[in-house]
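Shown next: input07.txt, given as compact mmCIF, N, CA and C atoms.
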# COMPACT_ATOMS: atom_id res chain seq x y z
N MET N 1 11.94 -16.84 4.12
CA MET N 1 11.73 -15.53 4.71
C MET N 1 10.23 -15.29 4.86
N ASN N 2 9.82 -14.80 6.01
CA ASN N 2 8.40 -14.55 6.29
C ASN N 2 8.12 -13.06 6.19
N TYR N 3 7.57 -12.65 5.04
CA TYR N 3 7.30 -11.23 4.81
C TYR N 3 6.19 -10.70 5.72
N GLU N 4 5.27 -11.58 6.13
CA GLU N 4 4.18 -11.14 7.00
C GLU N 4 4.71 -10.60 8.32
N ASN N 5 5.72 -11.24 8.89
CA ASN N 5 6.33 -10.75 10.12
C ASN N 5 6.98 -9.39 9.91
N ASP N 6 7.64 -9.21 8.75
CA ASP N 6 8.27 -7.93 8.45
C ASP N 6 7.22 -6.83 8.30
N LEU N 7 6.11 -7.13 7.66
CA LEU N 7 5.04 -6.15 7.50
C LEU N 7 4.45 -5.75 8.85
N GLN N 8 4.22 -6.73 9.70
CA GLN N 8 3.68 -6.45 11.03
C GLN N 8 4.66 -5.61 11.84
N ARG N 9 5.93 -5.93 11.78
CA ARG N 9 6.95 -5.17 12.50
C ARG N 9 7.03 -3.74 11.97
N THR N 10 6.97 -3.59 10.65
CA THR N 10 7.01 -2.26 10.03
C THR N 10 5.79 -1.44 10.44
N TYR N 11 4.61 -2.06 10.41
CA TYR N 11 3.38 -1.38 10.83
C TYR N 11 3.47 -0.93 12.29
N LEU N 12 3.84 -1.82 13.18
CA LEU N 12 3.92 -1.48 14.60
C LEU N 12 4.97 -0.41 14.87
N SER N 13 6.09 -0.49 14.17
CA SER N 13 7.14 0.52 14.32
C SER N 13 6.66 1.89 13.84
N SER N 14 5.93 1.90 12.74
CA SER N 14 5.41 3.16 12.20
C SER N 14 4.41 3.81 13.14
N VAL N 15 3.49 3.01 13.67
CA VAL N 15 2.48 3.53 14.61
C VAL N 15 3.17 4.07 15.86
N GLN N 16 4.16 3.34 16.37
CA GLN N 16 4.86 3.80 17.57
C GLN N 16 5.66 5.08 17.30
N ALA N 17 6.27 5.17 16.12
CA ALA N 17 7.03 6.37 15.78
C ALA N 17 6.11 7.60 15.70
N ILE N 18 4.92 7.42 15.14
CA ILE N 18 3.96 8.52 15.08
C ILE N 18 3.54 8.94 16.48
N ARG N 19 3.21 7.97 17.32
CA ARG N 19 2.83 8.28 18.72
C ARG N 19 3.95 9.03 19.43
N ASP N 20 5.17 8.56 19.27
CA ASP N 20 6.33 9.20 19.92
C ASP N 20 6.50 10.63 19.44
N TYR N 21 6.39 10.84 18.13
CA TYR N 21 6.55 12.17 17.58
C TYR N 21 5.51 13.13 18.15
N PHE N 22 4.26 12.69 18.18
CA PHE N 22 3.19 13.56 18.69
C PHE N 22 3.37 13.82 20.18
N ARG N 23 3.79 12.81 20.92
CA ARG N 23 4.01 12.99 22.36
C ARG N 23 5.15 13.98 22.60
N LYS N 24 6.25 13.83 21.87
CA LYS N 24 7.42 14.69 22.05
C LYS N 24 7.16 16.13 21.64
N THR N 25 6.33 16.33 20.63
CA THR N 25 6.07 17.69 20.15
C THR N 25 4.89 18.34 20.87
N GLY N 26 4.12 17.54 21.58
CA GLY N 26 2.96 18.07 22.27
C GLY N 26 1.72 18.16 21.40
N PHE N 27 1.83 17.75 20.15
CA PHE N 27 0.66 17.75 19.27
C PHE N 27 -0.27 16.61 19.67
N GLN N 28 -1.56 16.84 19.52
CA GLN N 28 -2.53 15.80 19.85
C GLN N 28 -3.41 15.42 18.68
N LYS N 29 -3.47 16.31 17.67
CA LYS N 29 -4.33 16.08 16.52
C LYS N 29 -3.55 16.26 15.23
N ALA N 30 -4.06 15.60 14.16
CA ALA N 30 -3.41 15.69 12.85
C ALA N 30 -4.44 16.07 11.79
N VAL N 31 -4.01 16.93 10.87
CA VAL N 31 -4.79 17.26 9.68
C VAL N 31 -4.02 16.70 8.50
N LEU N 32 -4.72 15.95 7.66
CA LEU N 32 -4.06 15.23 6.58
C LEU N 32 -4.77 15.48 5.27
N GLY N 33 -4.01 15.80 4.23
CA GLY N 33 -4.57 15.92 2.89
C GLY N 33 -4.90 14.53 2.36
N LEU N 34 -6.16 14.36 1.94
CA LEU N 34 -6.59 13.07 1.39
C LEU N 34 -6.85 13.21 -0.10
N SER N 35 -6.13 12.42 -0.88
CA SER N 35 -6.30 12.45 -2.33
C SER N 35 -7.14 11.28 -2.82
N GLY N 36 -7.31 10.28 -1.98
CA GLY N 36 -7.97 9.06 -2.41
C GLY N 36 -6.97 8.03 -2.91
N GLY N 37 -5.70 8.42 -2.97
CA GLY N 37 -4.65 7.51 -3.45
C GLY N 37 -4.04 6.68 -2.33
N LEU N 38 -3.13 5.82 -2.71
CA LEU N 38 -2.51 4.88 -1.77
C LEU N 38 -1.71 5.58 -0.68
N ASP N 39 -0.93 6.59 -1.03
CA ASP N 39 -0.08 7.26 -0.04
C ASP N 39 -0.90 7.90 1.07
N SER N 40 -1.92 8.66 0.70
CA SER N 40 -2.71 9.32 1.74
C SER N 40 -3.57 8.30 2.51
N THR N 41 -3.95 7.22 1.86
CA THR N 41 -4.71 6.17 2.55
C THR N 41 -3.88 5.51 3.63
N VAL N 42 -2.67 5.12 3.28
CA VAL N 42 -1.78 4.47 4.26
C VAL N 42 -1.47 5.46 5.39
N SER N 43 -1.19 6.70 5.05
CA SER N 43 -0.90 7.71 6.07
C SER N 43 -2.09 7.90 7.01
N ALA N 44 -3.29 7.96 6.46
CA ALA N 44 -4.49 8.14 7.28
C ALA N 44 -4.70 6.96 8.22
N VAL N 45 -4.54 5.76 7.72
CA VAL N 45 -4.71 4.56 8.56
C VAL N 45 -3.69 4.56 9.69
N LEU N 46 -2.44 4.86 9.38
CA LEU N 46 -1.41 4.87 10.42
C LEU N 46 -1.70 5.95 11.47
N LEU N 47 -2.12 7.13 11.03
CA LEU N 47 -2.46 8.20 11.97
C LEU N 47 -3.63 7.81 12.87
N VAL N 48 -4.67 7.23 12.29
CA VAL N 48 -5.82 6.80 13.08
C VAL N 48 -5.41 5.74 14.09
N ASP N 49 -4.61 4.79 13.66
CA ASP N 49 -4.18 3.73 14.57
C ASP N 49 -3.27 4.27 15.68
N ALA N 50 -2.51 5.31 15.38
CA ALA N 50 -1.60 5.88 16.37
C ALA N 50 -2.29 6.87 17.31
N LEU N 51 -3.22 7.68 16.77
CA LEU N 51 -3.78 8.79 17.54
C LEU N 51 -5.26 8.62 17.89
N GLY N 52 -5.94 7.73 17.20
CA GLY N 52 -7.38 7.57 17.39
C GLY N 52 -8.14 8.41 16.38
N LYS N 53 -9.30 7.91 15.96
CA LYS N 53 -10.05 8.55 14.88
C LYS N 53 -10.51 9.96 15.22
N ASP N 54 -10.75 10.25 16.49
CA ASP N 54 -11.20 11.58 16.89
C ASP N 54 -10.10 12.63 16.80
N ASN N 55 -8.87 12.19 16.58
CA ASN N 55 -7.73 13.10 16.53
C ASN N 55 -7.15 13.28 15.13
N VAL N 56 -7.87 12.78 14.13
CA VAL N 56 -7.40 12.89 12.74
C VAL N 56 -8.50 13.53 11.91
N PHE N 57 -8.12 14.51 11.08
CA PHE N 57 -9.07 15.20 10.22
C PHE N 57 -8.53 15.19 8.79
N GLY N 58 -9.34 14.77 7.85
CA GLY N 58 -8.93 14.69 6.45
C GLY N 58 -9.46 15.86 5.64
N VAL N 59 -8.62 16.36 4.74
CA VAL N 59 -9.00 17.47 3.86
C VAL N 59 -8.72 17.07 2.42
N SER N 60 -9.74 17.14 1.59
CA SER N 60 -9.58 16.94 0.16
C SER N 60 -9.41 18.31 -0.47
N MET N 61 -8.41 18.46 -1.35
CA MET N 61 -8.14 19.75 -1.99
C MET N 61 -8.13 19.59 -3.50
N PRO N 62 -9.31 19.38 -4.07
CA PRO N 62 -9.36 19.13 -5.51
C PRO N 62 -9.02 20.36 -6.34
N SER N 63 -8.44 20.08 -7.51
CA SER N 63 -8.14 21.13 -8.48
C SER N 63 -8.73 20.70 -9.82
N SER N 64 -8.37 21.39 -10.86
CA SER N 64 -8.91 21.08 -12.19
C SER N 64 -8.45 19.71 -12.70
N ILE N 65 -7.38 19.17 -12.14
CA ILE N 65 -6.88 17.87 -12.61
C ILE N 65 -7.35 16.71 -11.73
N THR N 66 -8.14 16.99 -10.70
CA THR N 66 -8.62 15.95 -9.79
C THR N 66 -9.83 15.25 -10.38
N THR N 67 -9.78 13.94 -10.42
CA THR N 67 -10.91 13.18 -10.96
C THR N 67 -12.03 13.07 -9.92
N SER N 68 -13.22 12.83 -10.39
CA SER N 68 -14.35 12.64 -9.47
C SER N 68 -14.15 11.39 -8.62
N GLU N 69 -13.46 10.39 -9.19
CA GLU N 69 -13.17 9.17 -8.42
C GLU N 69 -12.25 9.46 -7.25
N SER N 70 -11.24 10.30 -7.47
CA SER N 70 -10.32 10.65 -6.39
C SER N 70 -11.06 11.38 -5.27
N LYS N 71 -11.94 12.30 -5.65
CA LYS N 71 -12.71 13.03 -4.63
C LYS N 71 -13.61 12.09 -3.85
N SER N 72 -14.29 11.19 -4.54
CA SER N 72 -15.19 10.27 -3.82
C SER N 72 -14.39 9.25 -3.01
N ASP N 73 -13.23 8.82 -3.51
CA ASP N 73 -12.40 7.89 -2.74
C ASP N 73 -11.92 8.53 -1.44
N ALA N 74 -11.54 9.79 -1.50
CA ALA N 74 -11.08 10.49 -0.29
C ALA N 74 -12.21 10.58 0.73
N GLU N 75 -13.40 10.91 0.27
CA GLU N 75 -14.53 11.00 1.19
C GLU N 75 -14.91 9.65 1.77
N LYS N 76 -14.90 8.61 0.94
CA LYS N 76 -15.20 7.25 1.42
C LYS N 76 -14.17 6.79 2.45
N LEU N 77 -12.90 7.11 2.20
CA LEU N 77 -11.85 6.76 3.14
C LEU N 77 -12.12 7.39 4.50
N ALA N 78 -12.44 8.67 4.50
CA ALA N 78 -12.74 9.37 5.76
C ALA N 78 -13.93 8.73 6.46
N GLN N 79 -14.96 8.40 5.71
CA GLN N 79 -16.14 7.75 6.30
C GLN N 79 -15.78 6.39 6.88
N ASN N 80 -15.00 5.60 6.13
CA ASN N 80 -14.62 4.26 6.60
C ASN N 80 -13.77 4.32 7.87
N LEU N 81 -12.93 5.34 7.97
CA LEU N 81 -12.08 5.47 9.16
C LEU N 81 -12.79 6.18 10.31
N GLY N 82 -13.91 6.83 10.01
CA GLY N 82 -14.64 7.55 11.04
C GLY N 82 -13.99 8.86 11.44
N ILE N 83 -13.26 9.48 10.51
CA ILE N 83 -12.57 10.74 10.82
C ILE N 83 -13.36 11.92 10.24
N GLY N 84 -13.10 13.10 10.78
CA GLY N 84 -13.70 14.31 10.23
C GLY N 84 -13.17 14.54 8.83
N PHE N 85 -13.95 15.26 8.02
CA PHE N 85 -13.56 15.44 6.62
C PHE N 85 -14.19 16.71 6.06
N CYS N 86 -13.45 17.41 5.21
CA CYS N 86 -14.02 18.51 4.43
C CYS N 86 -13.30 18.59 3.10
N GLU N 87 -13.92 19.31 2.17
CA GLU N 87 -13.33 19.52 0.85
C GLU N 87 -13.11 21.02 0.67
N ILE N 88 -11.88 21.38 0.31
CA ILE N 88 -11.53 22.78 0.05
C ILE N 88 -10.92 22.84 -1.35
N PRO N 89 -11.71 23.23 -2.34
CA PRO N 89 -11.19 23.30 -3.71
C PRO N 89 -10.04 24.31 -3.83
N ILE N 90 -9.02 23.94 -4.59
CA ILE N 90 -7.86 24.82 -4.76
C ILE N 90 -7.62 25.18 -6.21
N ALA N 91 -8.62 24.98 -7.08
CA ALA N 91 -8.45 25.24 -8.51
C ALA N 91 -8.02 26.68 -8.77
N ASP N 92 -8.64 27.64 -8.10
CA ASP N 92 -8.28 29.05 -8.31
C ASP N 92 -6.86 29.34 -7.84
N MET N 93 -6.49 28.81 -6.69
CA MET N 93 -5.13 29.02 -6.19
C MET N 93 -4.10 28.37 -7.11
N PHE N 94 -4.41 27.19 -7.61
CA PHE N 94 -3.52 26.48 -8.52
C PHE N 94 -3.33 27.30 -9.80
N SER N 95 -4.42 27.80 -10.34
CA SER N 95 -4.36 28.60 -11.57
C SER N 95 -3.54 29.88 -11.37
N THR N 96 -3.78 30.56 -10.28
CA THR N 96 -3.05 31.80 -9.99
C THR N 96 -1.56 31.53 -9.83
N THR N 97 -1.23 30.48 -9.10
CA THR N 97 0.17 30.12 -8.89
C THR N 97 0.84 29.77 -10.20
N SER N 98 0.17 29.00 -11.04
CA SER N 98 0.72 28.62 -12.35
C SER N 98 0.98 29.84 -13.21
N LYS N 99 0.03 30.77 -13.24
CA LYS N 99 0.21 32.00 -14.03
C LYS N 99 1.38 32.82 -13.50
N THR N 100 1.49 32.91 -12.20
CA THR N 100 2.57 33.68 -11.58
C THR N 100 3.93 33.07 -11.90
N LEU N 101 4.04 31.78 -11.81
CA LEU N 101 5.31 31.12 -12.06
C LEU N 101 5.70 31.10 -13.53
N ASN N 102 4.69 31.11 -14.40
CA ASN N 102 4.99 31.14 -15.84
C ASN N 102 5.45 32.53 -16.23
Written as structure tokens, that's how I'd like the structure from this file.
Amino acid sequence: MNYENDLQRTYLSSVQAIRDYFRKTGFQKAVLGLSGGLDSTVSAVLLVDALGKDNVFGVSMPSSITTSESKSDAEKLAQNLGIGFCEIPIADMFSTTSKTLN
């Protein structure tokens, strides 16, 4: 069994599905939460490959539990992909929500 062919087919299918979704909905741009982790990295790469780097914007939303490595990884990812990026801290919102739910 050749896993490389399966990976290539999965990648191409994912990129095409994203393009189709955006075309069908009329959306042209994507905003994506970037954590610096694997899930958001794969999602960002697929979006850039499907829509182009000028159509993807990454947002880091650190809280009190976010490590400095995660924040820097998210920013480096955005730089490497050439996408727009900003950081919007959510520590206060997280704290308020936690207090409310408790």
In Å and to one decimal, atom CA of N:Asn55 is distant from atom CA of N:Ala30 by 6.2 Å
For atom C of N:Asp6 and atom C of N:Leu38, quote the distance in Å rounded to one decimal.
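We find that atom C of N:Asp6 and atom C of N:Leu38 lie 17.7 Å from each other.
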If we count only C-alpha atoms, what is near N:Val15 at a cut-off of 7 Å, once residues fewer than 5 positions away on the same chain are taken out, given as a PyMOL selection string?
chain N and resi 46+49-50
Here is a test: counting only C-alpha atoms, which residue of N:Ser63, N:Ile83, N:Val56, N:Val45 is nearest to N:Leu32?
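Closest candidate: N:Val56.
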Within 6 Å of stretch 85-97 of chain N, which residues of stretch 4-63 of chain N show up? Give each one with its shortest atom-to-atom distance in Å (one decimal) and the two atoms involved, counting all atoms listed in the file, rows by chain then rising residue number, as a Markdown table.
| residue | atom | partner | partner_atom | distance |
| --- | --- | --- | --- | --- |
| N:Phe57 | CA | N:Phe85 | N | 5.4 |
| N:Gly58 | C | N:Phe85 | CA | 4.2 |
| N:Val59 | CA | N:Cys86 | C | 4.5 |
| N:Ser60 | C | N:Ile88 | N | 4.0 |
| N:Met61 | CA | N:Ile88 | C | 4.2 |
| N:Pro62 | C | N:Ile90 | N | 4.0 |
| N:Ser63 | CA | N:Ala91 | CA | 4.1 |
Identify, with DSSP run on backbone atoms, the residues in chain N assigned to helix (DSSP H, G or I), and express the list as an mmCIF file with N, CA and C atoms, in the coordinates of the input.
data_model
loop_
_atom_site.group_PDB
_atom_site.id
_atom_site.type_symbol
_atom_site.label_atom_id
_atom_site.label_comp_id
_atom_site.auth_asym_id
_atom_site.auth_seq_id
_atom_site.Cartn_x
_atom_site.Cartn_y
_atom_site.Cartn_z
ATOM 1 N N TYR N 3 7.570 -12.650 5.040
ATOM 2 C CA TYR N 3 7.300 -11.230 4.810
ATOM 3 C C TYR N 3 6.190 -10.700 5.720
ATOM 4 N N GLU N 4 5.270 -11.580 6.130
ATOM 5 C CA GLU N 4 4.180 -11.140 7.000
ATOM 6 C C GLU N 4 4.710 -10.600 8.320
ATOM 7 N N ASN N 5 5.720 -11.240 8.890
ATOM 8 C CA ASN N 5 6.330 -10.750 10.120
ATOM 9 C C ASN N 5 6.980 -9.390 9.910
ATOM 10 N N ASP N 6 7.640 -9.210 8.750
ATOM 11 C CA ASP N 6 8.270 -7.930 8.450
ATOM 12 C C ASP N 6 7.220 -6.830 8.300
ATOM 13 N N LEU N 7 6.110 -7.130 7.660
ATOM 14 C CA LEU N 7 5.040 -6.150 7.500
ATOM 15 C C LEU N 7 4.450 -5.750 8.850
ATOM 16 N N GLN N 8 4.220 -6.730 9.700
ATOM 17 C CA GLN N 8 3.680 -6.450 11.030
ATOM 18 C C GLN N 8 4.660 -5.610 11.840
ATOM 19 N N ARG N 9 5.930 -5.930 11.780
ATOM 20 C CA ARG N 9 6.950 -5.170 12.500
ATOM 21 C C ARG N 9 7.030 -3.740 11.970
ATOM 22 N N THR N 10 6.970 -3.590 10.650
ATOM 23 C CA THR N 10 7.010 -2.260 10.030
ATOM 24 C C THR N 10 5.790 -1.440 10.440
ATOM 25 N N TYR N 11 4.610 -2.060 10.410
ATOM 26 C CA TYR N 11 3.380 -1.380 10.830
ATOM 27 C C TYR N 11 3.470 -0.930 12.290
ATOM 28 N N LEU N 12 3.840 -1.820 13.180
ATOM 29 C CA LEU N 12 3.920 -1.480 14.600
ATOM 30 C C LEU N 12 4.970 -0.410 14.870
ATOM 31 N N SER N 13 6.090 -0.490 14.170
ATOM 32 C CA SER N 13 7.140 0.520 14.320
ATOM 33 C C SER N 13 6.660 1.890 13.840
ATOM 34 N N SER N 14 5.930 1.900 12.740
ATOM 35 C CA SER N 14 5.410 3.160 12.200
ATOM 36 C C SER N 14 4.410 3.810 13.140
ATOM 37 N N VAL N 15 3.490 3.010 13.670
ATOM 38 C CA VAL N 15 2.480 3.530 14.610
ATOM 39 C C VAL N 15 3.170 4.070 15.860
ATOM 40 N N GLN N 16 4.160 3.340 16.370
ATOM 41 C CA GLN N 16 4.860 3.800 17.570
ATOM 42 C C GLN N 16 5.660 5.080 17.300
ATOM 43 N N ALA N 17 6.270 5.170 16.120
ATOM 44 C CA ALA N 17 7.030 6.370 15.780
ATOM 45 C C ALA N 17 6.110 7.600 15.700
ATOM 46 N N ILE N 18 4.920 7.420 15.140
ATOM 47 C CA ILE N 18 3.960 8.520 15.080
ATOM 48 C C ILE N 18 3.540 8.940 16.480
ATOM 49 N N ARG N 19 3.210 7.970 17.320
ATOM 50 C CA ARG N 19 2.830 8.280 18.720
ATOM 51 C C ARG N 19 3.950 9.030 19.430
ATOM 52 N N ASP N 20 5.170 8.560 19.270
ATOM 53 C CA ASP N 20 6.330 9.200 19.920
ATOM 54 C C ASP N 20 6.500 10.630 19.440
ATOM 55 N N TYR N 21 6.390 10.840 18.130
ATOM 56 C CA TYR N 21 6.550 12.170 17.580
ATOM 57 C C TYR N 21 5.510 13.130 18.150
ATOM 58 N N PHE N 22 4.260 12.690 18.180
ATOM 59 C CA PHE N 22 3.190 13.560 18.690
ATOM 60 C C PHE N 22 3.370 13.820 20.180
ATOM 61 N N ARG N 23 3.790 12.810 20.920
ATOM 62 C CA ARG N 23 4.010 12.990 22.360
ATOM 63 C C ARG N 23 5.150 13.980 22.600
ATOM 64 N N LYS N 24 6.250 13.830 21.870
ATOM 65 C CA LYS N 24 7.420 14.690 22.050
ATOM 66 C C LYS N 24 7.160 16.130 21.640
ATOM 67 N N THR N 25 6.330 16.330 20.630
ATOM 68 C CA THR N 25 6.070 17.690 20.150
ATOM 69 C C THR N 25 4.890 18.340 20.870
ATOM 70 N N LEU N 38 -3.130 5.820 -2.710
ATOM 71 C CA LEU N 38 -2.510 4.880 -1.770
ATOM 72 C C LEU N 38 -1.710 5.580 -0.680
ATOM 73 N N ASP N 39 -0.930 6.590 -1.030
ATOM 74 C CA ASP N 39 -0.080 7.260 -0.040
ATOM 75 C C ASP N 39 -0.900 7.900 1.070
ATOM 76 N N SER N 40 -1.920 8.660 0.700
ATOM 77 C CA SER N 40 -2.710 9.320 1.740
ATOM 78 C C SER N 40 -3.570 8.300 2.510
ATOM 79 N N THR N 41 -3.950 7.220 1.860
ATOM 80 C CA THR N 41 -4.710 6.170 2.550
ATOM 81 C C THR N 41 -3.880 5.510 3.630
ATOM 82 N N VAL N 42 -2.670 5.120 3.280
ATOM 83 C CA VAL N 42 -1.780 4.470 4.260
ATOM 84 C C VAL N 42 -1.470 5.460 5.390
ATOM 85 N N SER N 43 -1.190 6.700 5.050
ATOM 86 C CA SER N 43 -0.900 7.710 6.070
ATOM 87 C C SER N 43 -2.090 7.900 7.010
ATOM 88 N N ALA N 44 -3.290 7.960 6.460
ATOM 89 C CA ALA N 44 -4.490 8.140 7.280
ATOM 90 C C ALA N 44 -4.700 6.960 8.220
ATOM 91 N N VAL N 45 -4.540 5.760 7.720
ATOM 92 C CA VAL N 45 -4.710 4.560 8.560
ATOM 93 C C VAL N 45 -3.690 4.560 9.690
ATOM 94 N N LEU N 46 -2.440 4.860 9.380
ATOM 95 C CA LEU N 46 -1.410 4.870 10.420
ATOM 96 C C LEU N 46 -1.700 5.950 11.470
ATOM 97 N N LEU N 47 -2.120 7.130 11.030
ATOM 98 C CA LEU N 47 -2.460 8.200 11.970
ATOM 99 C C LEU N 47 -3.630 7.810 12.870
ATOM 100 N N VAL N 48 -4.670 7.230 12.290
ATOM 101 C CA VAL N 48 -5.820 6.800 13.080
ATOM 102 C C VAL N 48 -5.410 5.740 14.090
ATOM 103 N N ASP N 49 -4.610 4.790 13.660
ATOM 104 C CA ASP N 49 -4.180 3.730 14.570
ATOM 105 C C ASP N 49 -3.270 4.270 15.680
ATOM 106 N N ALA N 50 -2.510 5.310 15.380
ATOM 107 C CA ALA N 50 -1.600 5.880 16.370
ATOM 108 C C ALA N 50 -2.290 6.870 17.310
ATOM 109 N N LEU N 51 -3.220 7.680 16.770
ATOM 110 C CA LEU N 51 -3.780 8.790 17.540
ATOM 111 C C LEU N 51 -5.260 8.620 17.890
ATOM 112 N N LYS N 53 -9.300 7.910 15.960
ATOM 113 C CA LYS N 53 -10.050 8.550 14.880
ATOM 114 C C LYS N 53 -10.510 9.960 15.220
ATOM 115 N N ASP N 54 -10.750 10.250 16.490
ATOM 116 C CA ASP N 54 -11.200 11.580 16.890
ATOM 117 C C ASP N 54 -10.100 12.630 16.800
ATOM 118 N N ASN N 55 -8.870 12.190 16.580
ATOM 119 C CA ASN N 55 -7.730 13.100 16.530
ATOM 120 C C ASN N 55 -7.150 13.280 15.130
ATOM 121 N N SER N 68 -13.220 12.830 -10.390
ATOM 122 C CA SER N 68 -14.350 12.640 -9.470
ATOM 123 C C SER N 68 -14.150 11.390 -8.620
ATOM 124 N N GLU N 69 -13.460 10.390 -9.190
ATOM 125 C CA GLU N 69 -13.170 9.170 -8.420
ATOM 126 C C GLU N 69 -12.250 9.460 -7.250
ATOM 127 N N SER N 70 -11.240 10.300 -7.470
ATOM 128 C CA SER N 70 -10.320 10.650 -6.390
ATOM 129 C C SER N 70 -11.060 11.380 -5.270
ATOM 130 N N LYS N 71 -11.940 12.300 -5.650
ATOM 131 C CA LYS N 71 -12.710 13.030 -4.630
ATOM 132 C C LYS N 71 -13.610 12.090 -3.850
ATOM 133 N N SER N 72 -14.290 11.190 -4.540
ATOM 134 C CA SER N 72 -15.190 10.270 -3.820
ATOM 135 C C SER N 72 -14.390 9.250 -3.010
ATOM 136 N N ASP N 73 -13.230 8.820 -3.510
ATOM 137 C CA ASP N 73 -12.400 7.890 -2.740
ATOM 138 C C ASP N 73 -11.920 8.530 -1.440
ATOM 139 N N ALA N 74 -11.540 9.790 -1.500
ATOM 140 C CA ALA N 74 -11.080 10.490 -0.290
ATOM 141 C C ALA N 74 -12.210 10.580 0.730
ATOM 142 N N GLU N 75 -13.400 10.910 0.270
ATOM 143 C CA GLU N 75 -14.530 11.000 1.190
ATOM 144 C C GLU N 75 -14.910 9.650 1.770
ATOM 145 N N LYS N 76 -14.900 8.610 0.940
ATOM 146 C CA LYS N 76 -15.200 7.250 1.420
ATOM 147 C C LYS N 76 -14.170 6.790 2.450
ATOM 148 N N LEU N 77 -12.900 7.110 2.200
ATOM 149 C CA LEU N 77 -11.850 6.760 3.140
ATOM 150 C C LEU N 77 -12.120 7.390 4.500
ATOM 151 N N ALA N 78 -12.440 8.670 4.500
ATOM 152 C CA ALA N 78 -12.740 9.370 5.760
ATOM 153 C C ALA N 78 -13.930 8.730 6.460
ATOM 154 N N GLN N 79 -14.960 8.400 5.710
ATOM 155 C CA GLN N 79 -16.140 7.750 6.300
ATOM 156 C C GLN N 79 -15.780 6.390 6.880
ATOM 157 N N ASN N 80 -15.000 5.600 6.130
ATOM 158 C CA ASN N 80 -14.620 4.260 6.600
ATOM 159 C C ASN N 80 -13.770 4.320 7.870
ATOM 160 N N LEU N 81 -12.930 5.340 7.970
ATOM 161 C CA LEU N 81 -12.080 5.470 9.160
ATOM 162 C C LEU N 81 -12.790 6.180 10.310
ATOM 163 N N ALA N 91 -8.620 24.980 -7.080
ATOM 164 C CA ALA N 91 -8.450 25.240 -8.510
ATOM 165 C C ALA N 91 -8.020 26.680 -8.770
ATOM 166 N N ASP N 92 -8.640 27.640 -8.100
ATOM 167 C CA ASP N 92 -8.280 29.050 -8.310
ATOM 168 C C ASP N 92 -6.860 29.340 -7.840
ATOM 169 N N MET N 93 -6.490 28.810 -6.690
ATOM 170 C CA MET N 93 -5.130 29.020 -6.190
ATOM 171 C C MET N 93 -4.100 28.370 -7.110
ATOM 172 N N PHE N 94 -4.410 27.190 -7.610
ATOM 173 C CA PHE N 94 -3.520 26.480 -8.520
ATOM 174 C C PHE N 94 -3.330 27.300 -9.800
ATOM 175 N N SER N 95 -4.420 27.800 -10.340
ATOM 176 C CA SER N 95 -4.360 28.600 -11.570
ATOM 177 C C SER N 95 -3.540 29.880 -11.370
ATOM 178 N N THR N 96 -3.780 30.560 -10.280
ATOM 179 C CA THR N 96 -3.050 31.800 -9.990
ATOM 180 C C THR N 96 -1.560 31.530 -9.830
ATOM 181 N N THR N 97 -1.230 30.480 -9.100
ATOM 182 C CA THR N 97 0.170 30.120 -8.890
ATOM 183 C C THR N 97 0.840 29.770 -10.200
ATOM 184 N N SER N 98 0.170 29.000 -11.040
ATOM 185 C CA SER N 98 0.720 28.620 -12.350
ATOM 186 C C SER N 98 0.980 29.840 -13.210
ATOM 187 N N LYS N 99 0.030 30.770 -13.240
ATOM 188 C CA LYS N 99 0.210 32.000 -14.030
ATOM 189 C C LYS N 99 1.380 32.820 -13.500
ATOM 190 N N THR N 100 1.490 32.910 -12.200
ATOM 191 C CA THR N 100 2.570 33.680 -11.580
ATOM 192 C C THR N 100 3.930 33.070 -11.900
ATOM 193 N N LEU N 101 4.040 31.780 -11.810
ATOM 194 C CA LEU N 101 5.310 31.120 -12.060
ATOM 195 C C LEU N 101 5.700 31.100 -13.530
#
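The two atoms in question, atom C of N:Lys53 and atom C of N:Gly82, are spaced 5.3 Å apart.
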Any chance you could list, as a list in words, the residues in stretch 2-70 of chain N that come up strand (DSSP E or B) when DSSP is run on the backbone?
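DSSP on the backbone gives strand (DSSP E or B) at Ala30, Val31, Leu32, Gly33, Val56, Phe57, Gly58, Val59 and Ser60 of chain N.
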Edge lengths and centre in Å, axis-aligned, stretch 44-54 of chain N plus 3 Å each side, as lines of an AutoDock Vina configuration file:
center_x = -6.3
center_y = 8.2
center_z = 12.2
size_x = 15.8
size_y = 14.9
size_z = 17.4
Restricting the calculation to all atoms listed in the file: of N:Leu81, N:Leu34, N:Ile18, N:Ala74, which residue gets closest to N:Leu51?
N:Ile18
